[in-house]
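As stored in entry_4.csv (CSV, C-alpha atoms (C1' of nucleotides)):
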chain,number,residue,atom,x,y,z
A,1,MET,CA,-60.6,148.7,-115.7
A,2,VAL,CA,-59.7,147.5,-112.2
A,3,GLU,CA,-62.6,148.7,-110.2
A,4,GLU,CA,-63.8,148.9,-106.6
A,5,GLN,CA,-64.8,145.2,-106.2
A,6,ASP,CA,-61.7,144.0,-108.0
A,7,GLU,CA,-59.5,146.0,-105.7
A,8,ARG,CA,-61.2,144.4,-102.7
A,9,ILE,CA,-60.4,141.0,-104.2
A,10,LEU,CA,-56.8,141.9,-104.9
A,11,ALA,CA,-56.3,143.4,-101.5
A,12,GLU,CA,-57.6,140.2,-99.9
A,13,LEU,CA,-55.7,137.9,-102.1
A,14,GLN,CA,-52.5,139.9,-101.3
A,15,LYS,CA,-53.2,139.3,-97.6
A,16,ASP,CA,-54.1,135.7,-98.0
A,17,GLY,CA,-53.1,134.2,-101.3
A,18,ARG,CA,-54.6,130.8,-100.3
A,19,ALA,CA,-58.0,132.1,-99.2
A,20,THR,CA,-60.6,129.7,-100.5
A,21,ASN,CA,-63.0,131.2,-103.0
A,22,GLN,CA,-65.8,130.9,-100.4
A,23,GLN,CA,-63.9,132.9,-97.8
A,24,LEU,CA,-63.0,135.4,-100.5
A,25,ALA,CA,-66.6,135.7,-101.8
A,26,GLU,CA,-67.8,136.3,-98.2
A,27,THR,CA,-65.2,139.0,-97.3
A,28,VAL,CA,-65.8,141.0,-100.5
A,29,GLY,CA,-69.5,140.4,-100.4
A,30,MET,CA,-70.6,138.5,-103.5
A,31,SER,CA,-71.6,135.0,-104.5
A,32,THR,CA,-69.0,132.4,-104.9
A,33,SER,CA,-69.5,132.0,-108.6
A,34,ALA,CA,-69.3,135.8,-109.4
A,35,CYS,CA,-66.2,136.1,-107.2
A,36,TRP,CA,-64.6,133.1,-108.8
A,37,ARG,CA,-65.2,134.5,-112.3
A,38,ARG,CA,-63.7,137.9,-111.3
A,39,VAL,CA,-60.6,136.2,-109.9
A,40,ARG,CA,-60.2,134.2,-113.0
A,41,ALA,CA,-60.6,137.3,-115.2
A,42,LEU,CA,-57.9,139.1,-113.1
A,43,GLU,CA,-55.6,136.2,-113.6
A,44,GLU,CA,-56.2,136.0,-117.3
A,45,ALA,CA,-55.8,139.8,-117.7
A,46,GLY,CA,-52.4,139.4,-116.0
A,47,VAL,CA,-53.4,141.8,-113.1
A,48,ILE,CA,-52.7,138.8,-110.8
A,49,SER,CA,-49.4,137.6,-112.2
A,50,GLY,CA,-49.1,134.6,-109.9
A,51,TYR,CA,-49.2,133.4,-106.4
A,52,SER,CA,-46.4,132.7,-104.0
A,53,ALA,CA,-45.6,131.3,-100.6
A,54,LEU,CA,-43.7,133.9,-98.6
A,55,VAL,CA,-40.7,132.2,-97.0
A,56,ALA,CA,-39.0,133.7,-94.0
A,57,ARG,CA,-35.5,134.4,-95.3
A,58,GLU,CA,-33.5,133.8,-92.2
A,59,ARG,CA,-35.4,130.7,-91.1
A,60,ALA,CA,-34.9,129.2,-94.5
A,61,GLY,CA,-31.1,129.6,-94.2
A,62,PHE,CA,-30.4,132.8,-96.1
A,63,ALA,CA,-28.5,134.8,-93.5
A,64,THR,CA,-27.0,137.5,-95.8
A,65,SER,CA,-28.5,140.1,-98.1
A,66,ALA,CA,-27.4,143.3,-99.6
A,67,ILE,CA,-28.5,146.2,-101.8
A,68,LEU,CA,-26.1,146.9,-104.6
A,69,HIS,CA,-25.7,150.2,-106.4
A,70,VAL,CA,-24.5,149.4,-109.9
A,71,SER,CA,-23.4,151.8,-112.6
A,72,LEU,CA,-22.4,150.9,-116.2
A,73,GLU,CA,-19.5,152.4,-118.1
A,74,ARG,CA,-21.6,152.9,-121.2
A,75,HIS,CA,-25.2,152.8,-121.9
A,76,ASP,CA,-25.4,151.3,-125.3
A,77,VAL,CA,-28.2,148.8,-125.8
A,78,LYS,CA,-25.5,146.2,-126.2
A,79,PHE,CA,-24.2,146.6,-122.7
A,80,VAL,CA,-27.6,147.3,-121.1
A,81,ASP,CA,-29.1,144.2,-122.7
A,82,GLU,CA,-26.2,142.0,-121.6
A,83,PHE,CA,-26.5,143.3,-118.1
A,84,VAL,CA,-30.2,142.8,-117.9
A,85,ALA,CA,-30.0,139.3,-119.4
A,86,ARG,CA,-27.4,138.2,-116.9
A,87,VAL,CA,-29.2,139.7,-113.9
A,88,MET,CA,-32.5,138.0,-115.0
A,89,GLN,CA,-31.1,134.5,-114.8
A,90,ARG,CA,-29.2,134.9,-111.5
A,91,ARG,CA,-31.5,133.7,-108.8
A,92,GLU,CA,-29.7,135.4,-105.9
A,93,VAL,CA,-30.8,138.7,-107.5
A,94,LEU,CA,-34.3,139.0,-106.2
A,95,GLU,CA,-34.9,142.6,-107.4
A,96,CYS,CA,-33.3,144.9,-110.0
A,97,PHE,CA,-34.5,148.4,-110.8
A,98,ALA,CA,-33.2,150.9,-113.2
A,99,THR,CA,-33.2,154.2,-111.3
A,100,THR,CA,-32.4,157.9,-111.5
A,101,GLY,CA,-29.7,159.1,-109.1
A,102,ASP,CA,-26.0,158.3,-108.7
A,103,ALA,CA,-26.4,154.6,-109.6
A,104,ASP,CA,-27.9,153.2,-112.8
A,105,TYR,CA,-29.3,150.2,-111.0
A,106,HIS,CA,-30.4,149.1,-107.6
A,107,LEU,CA,-30.2,145.3,-106.9
A,108,ARG,CA,-31.3,143.3,-103.9
A,109,VAL,CA,-29.3,140.1,-103.5
A,110,VAL,CA,-30.0,137.3,-101.1
A,111,VAL,CA,-27.5,134.5,-100.3
A,112,ARG,CA,-26.8,131.9,-97.6
A,113,ASP,CA,-23.7,133.6,-96.1
A,114,MET,CA,-21.0,136.2,-96.6
A,115,ASP,CA,-18.9,133.6,-98.3
A,116,ALA,CA,-21.6,133.1,-100.9
A,117,TYR,CA,-21.9,136.8,-101.4
A,118,ASN,CA,-18.2,137.1,-102.0
A,119,ARG,CA,-18.5,134.4,-104.6
A,120,PHE,CA,-21.5,136.1,-106.1
A,121,LEU,CA,-19.4,139.3,-106.6
A,122,ASP,CA,-16.3,137.5,-107.9
A,123,GLU,CA,-17.9,134.9,-110.2
A,124,PHE,CA,-20.8,136.9,-111.4
A,125,MET,CA,-21.0,140.6,-110.8
A,126,PHE,CA,-17.4,141.6,-111.5
A,127,ARG,CA,-17.4,139.5,-114.7
A,128,ILE,CA,-20.3,141.4,-116.3
A,129,PRO,CA,-18.8,143.5,-119.1
A,130,GLY,CA,-19.2,147.3,-119.0
A,131,ILE,CA,-19.6,147.7,-115.3
A,132,ARG,CA,-18.2,150.9,-114.0
A,133,HIS,CA,-18.9,150.7,-110.3
A,134,VAL,CA,-20.5,148.3,-107.8
A,135,ARG,CA,-21.2,149.5,-104.3
A,136,THR,CA,-22.4,147.0,-101.7
A,137,ASN,CA,-24.8,148.1,-98.9
A,138,VAL,CA,-25.1,145.2,-96.6
A,139,ILE,CA,-28.6,144.8,-95.1
A,140,LEU,CA,-28.2,145.0,-91.3
A,141,LYS,CA,-31.9,144.6,-90.6
A,142,GLU,CA,-35.0,144.0,-92.6
A,143,ILE,CA,-37.5,146.4,-91.2
A,144,LYS,CA,-40.2,145.6,-93.7
A,145,THR,CA,-40.4,143.3,-96.7
A,146,GLY,CA,-43.8,143.7,-98.2
A,147,VAL,CA,-45.3,142.6,-101.5
A,148,ALA,CA,-48.8,144.0,-101.1
A,149,LEU,CA,-49.7,147.1,-103.2
A,150,PRO,CA,-51.4,149.8,-101.1
A,151,PHE,CA,-55.0,149.6,-102.4
B,1,MET,CA,-33.8,121.9,-89.8
B,2,VAL,CA,-35.1,122.8,-93.2
B,3,GLU,CA,-33.9,119.8,-95.3
B,4,GLU,CA,-33.8,118.6,-98.8
B,5,GLN,CA,-37.4,117.7,-99.3
B,6,ASP,CA,-38.6,120.7,-97.4
B,7,GLU,CA,-36.6,122.9,-99.8
B,8,ARG,CA,-38.3,121.2,-102.7
B,9,ILE,CA,-41.6,122.0,-101.2
B,10,LEU,CA,-40.6,125.6,-100.5
B,11,ALA,CA,-39.2,126.1,-104.0
B,12,GLU,CA,-42.4,124.8,-105.5
B,13,LEU,CA,-44.7,126.8,-103.3
B,14,GLN,CA,-42.7,129.9,-104.1
B,15,LYS,CA,-43.3,129.3,-107.8
B,16,ASP,CA,-47.0,128.4,-107.4
B,17,GLY,CA,-48.4,129.4,-104.1
B,18,ARG,CA,-51.8,127.9,-105.0
B,19,ALA,CA,-50.6,124.5,-106.2
B,20,THR,CA,-52.9,121.9,-104.8
B,21,ASN,CA,-51.5,119.6,-102.3
B,22,GLN,CA,-51.8,116.8,-104.8
B,23,GLN,CA,-49.8,118.6,-107.5
B,24,LEU,CA,-47.2,119.5,-104.8
B,25,ALA,CA,-47.0,116.0,-103.5
B,26,GLU,CA,-46.4,114.7,-107.1
B,27,THR,CA,-43.8,117.3,-108.0
B,28,VAL,CA,-41.8,116.7,-104.8
B,29,GLY,CA,-42.4,112.9,-105.0
B,30,MET,CA,-44.2,112.0,-101.8
B,31,SER,CA,-47.7,111.0,-100.7
B,32,THR,CA,-50.3,113.6,-100.3
B,33,SER,CA,-50.6,113.1,-96.6
B,34,ALA,CA,-46.9,113.3,-95.9
B,35,CYS,CA,-46.6,116.3,-98.1
B,36,TRP,CA,-49.5,118.0,-96.5
B,37,ARG,CA,-48.1,117.5,-93.0
B,38,ARG,CA,-44.7,118.9,-94.0
B,39,VAL,CA,-46.3,122.0,-95.5
B,40,ARG,CA,-48.4,122.4,-92.3
B,41,ALA,CA,-45.2,122.0,-90.2
B,42,LEU,CA,-43.4,124.7,-92.3
B,43,GLU,CA,-46.3,127.0,-91.8
B,44,GLU,CA,-46.4,126.4,-88.1
B,45,ALA,CA,-42.7,126.8,-87.7
B,46,GLY,CA,-43.0,130.2,-89.5
B,47,VAL,CA,-40.7,129.1,-92.4
B,48,ILE,CA,-43.7,129.8,-94.6
B,49,SER,CA,-44.9,133.1,-93.2
B,50,GLY,CA,-47.8,133.5,-95.5
B,51,TYR,CA,-49.2,133.3,-99.1
B,52,SER,CA,-49.8,136.2,-101.4
B,53,ALA,CA,-51.2,136.9,-104.8
B,54,LEU,CA,-48.6,138.8,-106.9
B,55,VAL,CA,-50.3,141.8,-108.4
B,56,ALA,CA,-48.8,143.5,-111.5
B,57,ARG,CA,-48.0,146.9,-110.2
B,58,GLU,CA,-48.7,148.9,-113.4
B,59,ARG,CA,-51.8,147.0,-114.4
B,60,ALA,CA,-53.3,147.7,-111.0
B,61,GLY,CA,-52.8,151.4,-111.4
B,62,PHE,CA,-49.6,152.1,-109.5
B,63,ALA,CA,-47.5,153.9,-112.1
B,64,THR,CA,-44.8,155.4,-109.8
B,65,SER,CA,-42.2,153.9,-107.6
B,66,ALA,CA,-38.9,154.9,-106.1
B,67,ILE,CA,-36.1,153.8,-103.9
B,68,LEU,CA,-35.3,156.3,-101.1
B,69,HIS,CA,-32.0,156.6,-99.3
B,70,VAL,CA,-32.7,157.9,-95.9
B,71,SER,CA,-30.3,159.0,-93.1
B,72,LEU,CA,-31.2,160.0,-89.6
B,73,GLU,CA,-29.7,162.9,-87.7
B,74,ARG,CA,-29.1,160.9,-84.6
B,75,HIS,CA,-29.2,157.2,-83.9
B,76,ASP,CA,-30.7,157.1,-80.4
B,77,VAL,CA,-33.2,154.4,-79.9
B,78,LYS,CA,-35.8,157.1,-79.5
B,79,PHE,CA,-35.5,158.4,-83.1
B,80,VAL,CA,-34.8,155.0,-84.6
B,81,ASP,CA,-37.9,153.4,-83.0
B,82,GLU,CA,-40.1,156.4,-84.1
B,83,PHE,CA,-38.8,156.1,-87.6
B,84,VAL,CA,-39.4,152.3,-87.7
B,85,ALA,CA,-42.8,152.6,-86.2
B,86,ARG,CA,-43.9,155.2,-88.8
B,87,VAL,CA,-42.5,153.4,-91.7
B,88,MET,CA,-44.2,150.1,-90.6
B,89,GLN,CA,-47.7,151.5,-90.8
B,90,ARG,CA,-47.3,153.4,-94.0
B,91,ARG,CA,-48.5,151.1,-96.7
B,92,GLU,CA,-46.8,152.9,-99.7
B,93,VAL,CA,-43.5,151.7,-98.2
B,94,LEU,CA,-43.3,148.2,-99.4
B,95,GLU,CA,-39.8,147.6,-98.2
B,96,CYS,CA,-37.4,149.1,-95.7
B,97,PHE,CA,-33.9,147.9,-94.9
B,98,ALA,CA,-31.3,149.2,-92.5
B,99,THR,CA,-28.1,149.1,-94.4
B,100,THR,CA,-24.3,149.9,-94.3
B,101,GLY,CA,-23.1,152.5,-96.7
B,102,ASP,CA,-23.9,156.2,-97.1
B,103,ALA,CA,-27.6,155.9,-96.2
B,104,ASP,CA,-28.9,154.4,-93.0
B,105,TYR,CA,-32.0,153.0,-94.7
B,106,HIS,CA,-33.2,152.0,-98.1
B,107,LEU,CA,-36.9,152.2,-98.8
B,108,ARG,CA,-39.0,151.1,-101.7
B,109,VAL,CA,-42.1,153.2,-102.1
B,110,VAL,CA,-45.0,152.5,-104.5
B,111,VAL,CA,-47.8,155.0,-105.3
B,112,ARG,CA,-50.4,155.7,-108.0
B,113,ASP,CA,-48.6,158.7,-109.6
B,114,MET,CA,-46.0,161.4,-109.1
B,115,ASP,CA,-48.5,163.6,-107.3
B,116,ALA,CA,-49.2,160.9,-104.8
B,117,TYR,CA,-45.4,160.6,-104.3
B,118,ASN,CA,-45.0,164.3,-103.7
B,119,ARG,CA,-47.8,164.1,-101.1
B,120,PHE,CA,-46.0,161.0,-99.6
B,121,LEU,CA,-42.9,163.1,-99.1
B,122,ASP,CA,-44.6,166.2,-97.8
B,123,GLU,CA,-47.1,164.7,-95.6
B,124,PHE,CA,-45.2,161.7,-94.3
B,125,MET,CA,-41.5,161.5,-94.9
B,126,PHE,CA,-40.5,165.1,-94.2
B,127,ARG,CA,-42.5,165.1,-91.0
B,128,ILE,CA,-40.7,162.2,-89.4
B,129,PRO,CA,-38.5,163.7,-86.6
B,130,GLY,CA,-34.8,163.3,-86.7
B,131,ILE,CA,-34.4,162.8,-90.5
B,132,ARG,CA,-31.1,164.2,-91.8
B,133,HIS,CA,-31.4,163.4,-95.5
B,134,VAL,CA,-33.8,161.8,-98.0
B,135,ARG,CA,-32.6,161.1,-101.5
B,136,THR,CA,-35.2,159.9,-104.1
B,137,ASN,CA,-34.1,157.5,-106.8
B,138,VAL,CA,-37.1,157.2,-109.1
B,139,ILE,CA,-37.6,153.7,-110.6
B,140,LEU,CA,-37.4,154.1,-114.4
B,141,LYS,CA,-37.9,150.4,-115.0
B,142,GLU,CA,-38.5,147.3,-113.0
B,143,ILE,CA,-36.0,144.8,-114.4
B,144,LYS,CA,-36.9,142.1,-111.9
B,145,THR,CA,-39.2,142.0,-108.9
B,146,GLY,CA,-38.9,138.5,-107.4
B,147,VAL,CA,-39.9,137.1,-104.0
B,148,ALA,CA,-38.6,133.6,-104.4
B,149,LEU,CA,-35.5,132.7,-102.3
B,150,PRO,CA,-32.8,131.0,-104.5
B,151,PHE,CA,-33.0,127.4,-103.1
C,1,DG,C1',-88.2,156.7,-121.6
C,2,DC,C1',-88.2,152.3,-123.7
C,3,DT,C1',-86.6,148.3,-125.9
C,4,DA,C1',-83.1,145.1,-127.5
C,5,DT,C1',-78.6,143.3,-126.5
C,6,DA,C1',-74.8,142.2,-123.9
C,7,DT,C1',-72.9,141.5,-119.5
C,8,DT,C1',-72.9,140.1,-114.9
C,9,DT,C1',-75.1,137.7,-111.4
C,10,DG,C1',-76.5,133.7,-108.0
C,11,DG,C1',-77.8,128.9,-107.6
C,12,DT,C1',-76.7,124.2,-108.5
C,13,DA,C1',-74.4,119.7,-108.9
C,14,DA,C1',-70.8,116.8,-110.5
C,15,DT,C1',-66.0,116.6,-109.8
C,16,DA,C1',-61.9,117.4,-107.3
C,17,DT,C1',-59.5,118.4,-103.1
C,18,DC,C1',-58.5,118.8,-98.3
C,19,DT,C1',-57.4,117.0,-94.0
C,20,DA,C1',-57.9,114.0,-89.7
C,21,DC,C1',-57.2,109.4,-88.6
C,22,DC,C1',-55.0,104.9,-88.6
C,23,DA,C1',-51.8,101.1,-89.1
C,24,DA,C1',-47.4,100.2,-91.3
C,25,DA,C1',-42.7,101.5,-92.3
C,26,DT,C1',-38.7,103.9,-91.2
C,27,DT,C1',-35.3,106.1,-88.4
C,28,DG,C1',-32.1,106.9,-84.5
C,29,DG,C1',-30.3,105.7,-79.9
C,30,DA,C1',-28.7,102.8,-76.3
D,1,DT,C1',-30.1,94.2,-82.2
D,2,DC,C1',-34.0,95.9,-80.2
D,3,DC,C1',-37.0,99.5,-78.6
D,4,DA,C1',-39.1,104.0,-78.9
D,5,DA,C1',-40.1,107.9,-81.5
D,6,DT,C1',-41.0,109.7,-85.8
D,7,DT,C1',-42.5,109.7,-90.4
D,8,DT,C1',-45.0,107.5,-93.9
D,9,DG,C1',-49.0,106.1,-97.2
D,10,DG,C1',-53.9,104.9,-97.5
D,11,DT,C1',-58.5,106.0,-96.6
D,12,DA,C1',-63.0,108.4,-96.2
D,13,DG,C1',-66.0,112.0,-94.7
D,14,DA,C1',-66.2,116.9,-95.0
D,15,DT,C1',-65.2,120.8,-97.9
D,16,DA,C1',-64.2,123.4,-102.0
D,17,DT,C1',-63.9,124.0,-107.0
D,18,DT,C1',-65.7,125.0,-111.4
D,19,DA,C1',-68.8,124.7,-115.5
D,20,DC,C1',-73.4,125.4,-116.6
D,21,DC,C1',-78.0,127.7,-116.6
D,22,DA,C1',-81.6,130.9,-116.0
D,23,DA,C1',-82.5,135.4,-113.9
D,24,DA,C1',-81.1,140.0,-113.0
D,25,DT,C1',-78.7,144.0,-114.1
D,26,DA,C1',-76.3,147.3,-117.0
D,27,DT,C1',-75.5,149.5,-121.8
D,28,DA,C1',-76.6,151.5,-126.1
D,29,DG,C1',-79.5,153.1,-129.7
D,30,DC,C1',-83.5,155.4,-130.9

Encoded form (structure tokens):
Amino acid sequence: MVEEQDERILAELQKDGRATNQQLAETVGMSTSACWRRVRALEEAGVISGYSALVARERAGFATSAILHVSLERHDVKFVDEFVARVMQRREVLECFATTGDADYHLRVVVRDMDAYNRFLDEFMFRIPGIRHVRTNVILKEIKTGVALPF
Amino acid sequence: MVEEQDERILAELQKDGRATNQQLAETVGMSTSACWRRVRALEEAGVISGYSALVARERAGFATSAILHVSLERHDVKFVDEFVARVMQRREVLECFATTGDADYHLRVVVRDMDAYNRFLDEFMFRIPGIRHVRTNVILKEIKTGVALPF
DNA sequence: GCTATATTTGGTAATATCTACCAAATTGGA
DNA sequence: TCCAATTTGGTAGATATTACCAAATATAGC
């Protein structure tokens, strides 16, 4: 489905999401119109789900971030759905994954400062029903924060 | 430094990284030229570090991903630098954070299938010198994979 | 291997957008 | 209050987008 030339397009658009269609066509080696149509098809097929400016966290004033290990008391749909719904609408939670291992979920949370993080825990996380355990792993250093899939 | 109107621009460009300058100027309520110059300034200041197409992992053929907890034997600069250098150039590692807590590092790794993950461990991770422990937490479900800072 | 059909391609041109420049407006100090 | 520095909106030439077409290429049936 996603073939050779599409992968070249995807790789390039991951590197530069604002590349003009002309640049893109040149780097992947096809005409502007063919290239443009393939990009459009990838968008419509949902392979490209969107475009985003990548903002430097610290320079934008978000000094604090953490990875949370979260476990639920019970795993009834009721509790799981409630947890997922709450997490989805909380914008400080950039990522949330259900995982194997000791914790049920891994979350990455980004806030302006430690004070905001404390409020996040008190006012949001600790009020979610059915939580068994929350362990905070403060991020000391971002070694790498990539979004590009390794084509 | 990053003020009110800049945050509106950043928020919008996070939502739609390919918004035209005209759309952007309209949504944030300023002239196209003023808006364009602010965007340019944000780029040059490194607040906007780039733009990227967001590619749907599974639709692009990357079925498997995991969060790894990694600890080092020793924390001499020598070992740390070596670890960081290797992780940086390995494209399957999308994210790497130095954290507090039981593990020294949290990594998110994305590969095409479990076989590729096994190779990743054998050929890469287990050969890094000075590693004490690697614990794999397979991602069962991506609840949320956001990149937008919560302005 | 050959034809008919469907799909993909490259070229084109009207439309839309970008981006450098200018003069006017606004801001911040002294 | 006045001056200097910065930011603003308007403009226009240069650039890019995007829908259309005919030609080329791939696909399937026989």

Practice problem: For the point (-54.6, 108.0, -88.6) in the file's frame, write as number ranges by chain all residues with an atom no more than 12 Å away, counting all atoms listed in the file. | Solution: B: 33-34; C: 19-24; D: 8-12

Give me the least-squares superposed chain B (reference chain A; all C-alpha atoms paired in order) as a CSV table (one decimal) with C-alpha atoms, in the coordinates of the input.
chain,number,residue,atom,x,y,z
B,1,MET,CA,-60.6,148.7,-115.7
B,2,VAL,CA,-59.6,147.5,-112.3
B,3,GLU,CA,-62.6,148.7,-110.1
B,4,GLU,CA,-63.8,148.9,-106.6
B,5,GLN,CA,-64.7,145.3,-106.1
B,6,ASP,CA,-61.7,144.0,-108.0
B,7,GLU,CA,-59.5,146.0,-105.6
B,8,ARG,CA,-61.2,144.4,-102.7
B,9,ILE,CA,-60.5,141.0,-104.2
B,10,LEU,CA,-56.8,142.0,-104.9
B,11,ALA,CA,-56.3,143.4,-101.4
B,12,GLU,CA,-57.6,140.2,-99.9
B,13,LEU,CA,-55.7,137.9,-102.1
B,14,GLN,CA,-52.5,139.9,-101.3
B,15,LYS,CA,-53.1,139.3,-97.6
B,16,ASP,CA,-54.1,135.6,-98.0
B,17,GLY,CA,-53.1,134.2,-101.3
B,18,ARG,CA,-54.6,130.8,-100.3
B,19,ALA,CA,-58.0,132.1,-99.1
B,20,THR,CA,-60.7,129.8,-100.5
B,21,ASN,CA,-63.0,131.2,-103.0
B,22,GLN,CA,-65.7,130.9,-100.5
B,23,GLN,CA,-63.9,132.9,-97.8
B,24,LEU,CA,-63.0,135.5,-100.5
B,25,ALA,CA,-66.5,135.7,-101.8
B,26,GLU,CA,-67.8,136.4,-98.2
B,27,THR,CA,-65.1,139.0,-97.3
B,28,VAL,CA,-65.7,140.9,-100.5
B,29,GLY,CA,-69.5,140.4,-100.3
B,30,MET,CA,-70.5,138.6,-103.5
B,31,SER,CA,-71.5,135.1,-104.5
B,32,THR,CA,-69.0,132.4,-104.9
B,33,SER,CA,-69.5,132.1,-108.6
B,34,ALA,CA,-69.3,135.8,-109.4
B,35,CYS,CA,-66.2,136.1,-107.2
B,36,TRP,CA,-64.6,133.1,-108.8
B,37,ARG,CA,-65.1,134.5,-112.3
B,38,ARG,CA,-63.6,137.9,-111.3
B,39,VAL,CA,-60.6,136.3,-109.8
B,40,ARG,CA,-60.2,134.2,-113.0
B,41,ALA,CA,-60.6,137.3,-115.2
B,42,LEU,CA,-57.8,139.1,-113.1
B,43,GLU,CA,-55.6,136.2,-113.6
B,44,GLU,CA,-56.2,136.1,-117.3
B,45,ALA,CA,-55.8,139.8,-117.7
B,46,GLY,CA,-52.4,139.4,-115.9
B,47,VAL,CA,-53.4,141.8,-113.1
B,48,ILE,CA,-52.7,138.8,-110.8
B,49,SER,CA,-49.5,137.5,-112.3
B,50,GLY,CA,-49.1,134.6,-109.9
B,51,TYR,CA,-49.3,133.3,-106.3
B,52,SER,CA,-46.4,132.7,-104.0
B,53,ALA,CA,-45.6,131.3,-100.6
B,54,LEU,CA,-43.7,133.9,-98.6
B,55,VAL,CA,-40.7,132.2,-97.1
B,56,ALA,CA,-39.0,133.7,-94.0
B,57,ARG,CA,-35.6,134.4,-95.3
B,58,GLU,CA,-33.5,133.7,-92.1
B,59,ARG,CA,-35.5,130.7,-91.1
B,60,ALA,CA,-34.8,129.1,-94.5
B,61,GLY,CA,-31.1,129.6,-94.1
B,62,PHE,CA,-30.4,132.8,-96.1
B,63,ALA,CA,-28.5,134.9,-93.5
B,64,THR,CA,-27.0,137.5,-95.8
B,65,SER,CA,-28.5,140.1,-98.0
B,66,ALA,CA,-27.5,143.4,-99.6
B,67,ILE,CA,-28.6,146.2,-101.8
B,68,LEU,CA,-26.1,146.9,-104.6
B,69,HIS,CA,-25.8,150.2,-106.5
B,70,VAL,CA,-24.5,149.5,-109.9
B,71,SER,CA,-23.4,151.8,-112.7
B,72,LEU,CA,-22.4,150.9,-116.2
B,73,GLU,CA,-19.5,152.3,-118.1
B,74,ARG,CA,-21.5,152.9,-121.2
B,75,HIS,CA,-25.2,152.9,-121.9
B,76,ASP,CA,-25.4,151.3,-125.4
B,77,VAL,CA,-28.1,148.9,-125.8
B,78,LYS,CA,-25.5,146.2,-126.2
B,79,PHE,CA,-24.1,146.5,-122.6
B,80,VAL,CA,-27.5,147.3,-121.1
B,81,ASP,CA,-29.2,144.2,-122.7
B,82,GLU,CA,-26.2,142.0,-121.6
B,83,PHE,CA,-26.4,143.3,-118.1
B,84,VAL,CA,-30.2,142.8,-118.0
B,85,ALA,CA,-30.0,139.3,-119.4
B,86,ARG,CA,-27.4,138.2,-116.8
B,87,VAL,CA,-29.1,139.7,-113.9
B,88,MET,CA,-32.5,138.0,-115.0
B,89,GLN,CA,-31.1,134.5,-114.8
B,90,ARG,CA,-29.2,134.9,-111.6
B,91,ARG,CA,-31.5,133.7,-108.9
B,92,GLU,CA,-29.6,135.5,-105.9
B,93,VAL,CA,-30.8,138.8,-107.4
B,94,LEU,CA,-34.3,139.0,-106.2
B,95,GLU,CA,-34.9,142.5,-107.4
B,96,CYS,CA,-33.4,144.9,-109.9
B,97,PHE,CA,-34.5,148.4,-110.8
B,98,ALA,CA,-33.2,150.9,-113.2
B,99,THR,CA,-33.3,154.1,-111.3
B,100,THR,CA,-32.4,157.9,-111.5
B,101,GLY,CA,-29.8,159.1,-109.1
B,102,ASP,CA,-26.1,158.3,-108.7
B,103,ALA,CA,-26.4,154.6,-109.6
B,104,ASP,CA,-28.0,153.3,-112.8
B,105,TYR,CA,-29.4,150.2,-111.0
B,106,HIS,CA,-30.4,149.0,-107.6
B,107,LEU,CA,-30.2,145.4,-106.9
B,108,ARG,CA,-31.3,143.3,-103.9
B,109,VAL,CA,-29.3,140.2,-103.5
B,110,VAL,CA,-30.0,137.3,-101.1
B,111,VAL,CA,-27.5,134.5,-100.3
B,112,ARG,CA,-26.8,131.9,-97.6
B,113,ASP,CA,-23.8,133.7,-96.0
B,114,MET,CA,-21.0,136.2,-96.6
B,115,ASP,CA,-18.9,133.7,-98.4
B,116,ALA,CA,-21.6,133.0,-100.8
B,117,TYR,CA,-21.9,136.8,-101.4
B,118,ASN,CA,-18.2,137.2,-102.0
B,119,ARG,CA,-18.4,134.3,-104.6
B,120,PHE,CA,-21.5,136.2,-106.1
B,121,LEU,CA,-19.4,139.2,-106.6
B,122,ASP,CA,-16.3,137.5,-107.9
B,123,GLU,CA,-17.9,135.0,-110.1
B,124,PHE,CA,-20.9,136.9,-111.4
B,125,MET,CA,-21.0,140.6,-110.8
B,126,PHE,CA,-17.4,141.6,-111.5
B,127,ARG,CA,-17.5,139.5,-114.7
B,128,ILE,CA,-20.3,141.3,-116.3
B,129,PRO,CA,-18.8,143.5,-119.2
B,130,GLY,CA,-19.2,147.2,-119.1
B,131,ILE,CA,-19.7,147.6,-115.3
B,132,ARG,CA,-18.2,150.9,-114.0
B,133,HIS,CA,-19.0,150.7,-110.3
B,134,VAL,CA,-20.6,148.3,-107.8
B,135,ARG,CA,-21.2,149.6,-104.3
B,136,THR,CA,-22.5,147.0,-101.7
B,137,ASN,CA,-24.8,148.2,-98.9
B,138,VAL,CA,-25.1,145.2,-96.6
B,139,ILE,CA,-28.6,144.7,-95.1
B,140,LEU,CA,-28.2,145.0,-91.3
B,141,LYS,CA,-31.9,144.5,-90.7
B,142,GLU,CA,-35.0,143.9,-92.6
B,143,ILE,CA,-37.5,146.5,-91.2
B,144,LYS,CA,-40.2,145.6,-93.7
B,145,THR,CA,-40.4,143.3,-96.7
B,146,GLY,CA,-43.9,143.6,-98.1
B,147,VAL,CA,-45.3,142.6,-101.5
B,148,ALA,CA,-48.8,143.9,-101.1
B,149,LEU,CA,-49.7,147.0,-103.2
B,150,PRO,CA,-51.3,149.8,-101.0
B,151,PHE,CA,-54.9,149.6,-102.4

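If you look at CA of Cys96 in chain A and CA of Thr99 in chain B, they are 17.0 Å away from each other.
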
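If only C-alpha atoms are the atoms counted, then among B:Ile139, B:Cys35, B:Val109, B:Val70 the closest residue to chain A is B:Ile139.
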
Quiz item: Using all atoms listed in the file, which residues sit within 8 Å of range 43-49 of chain A once same-chain residues fewer than 5 positions away are excluded, as an NGL selection string?
Solution: (:A and (10)) or (:B and (53-57 or 59-60))

Quiz item: Do you know which residues are at most 9 Å from Arg8 in chain A counting only C-alpha atoms (C1' of nucleotides), after dropping those on the same chain fewer than 3 positions away, and could you put them as a PyMOL selection string?
Solution: chain A and resi 3-5+11-13+27-28+151
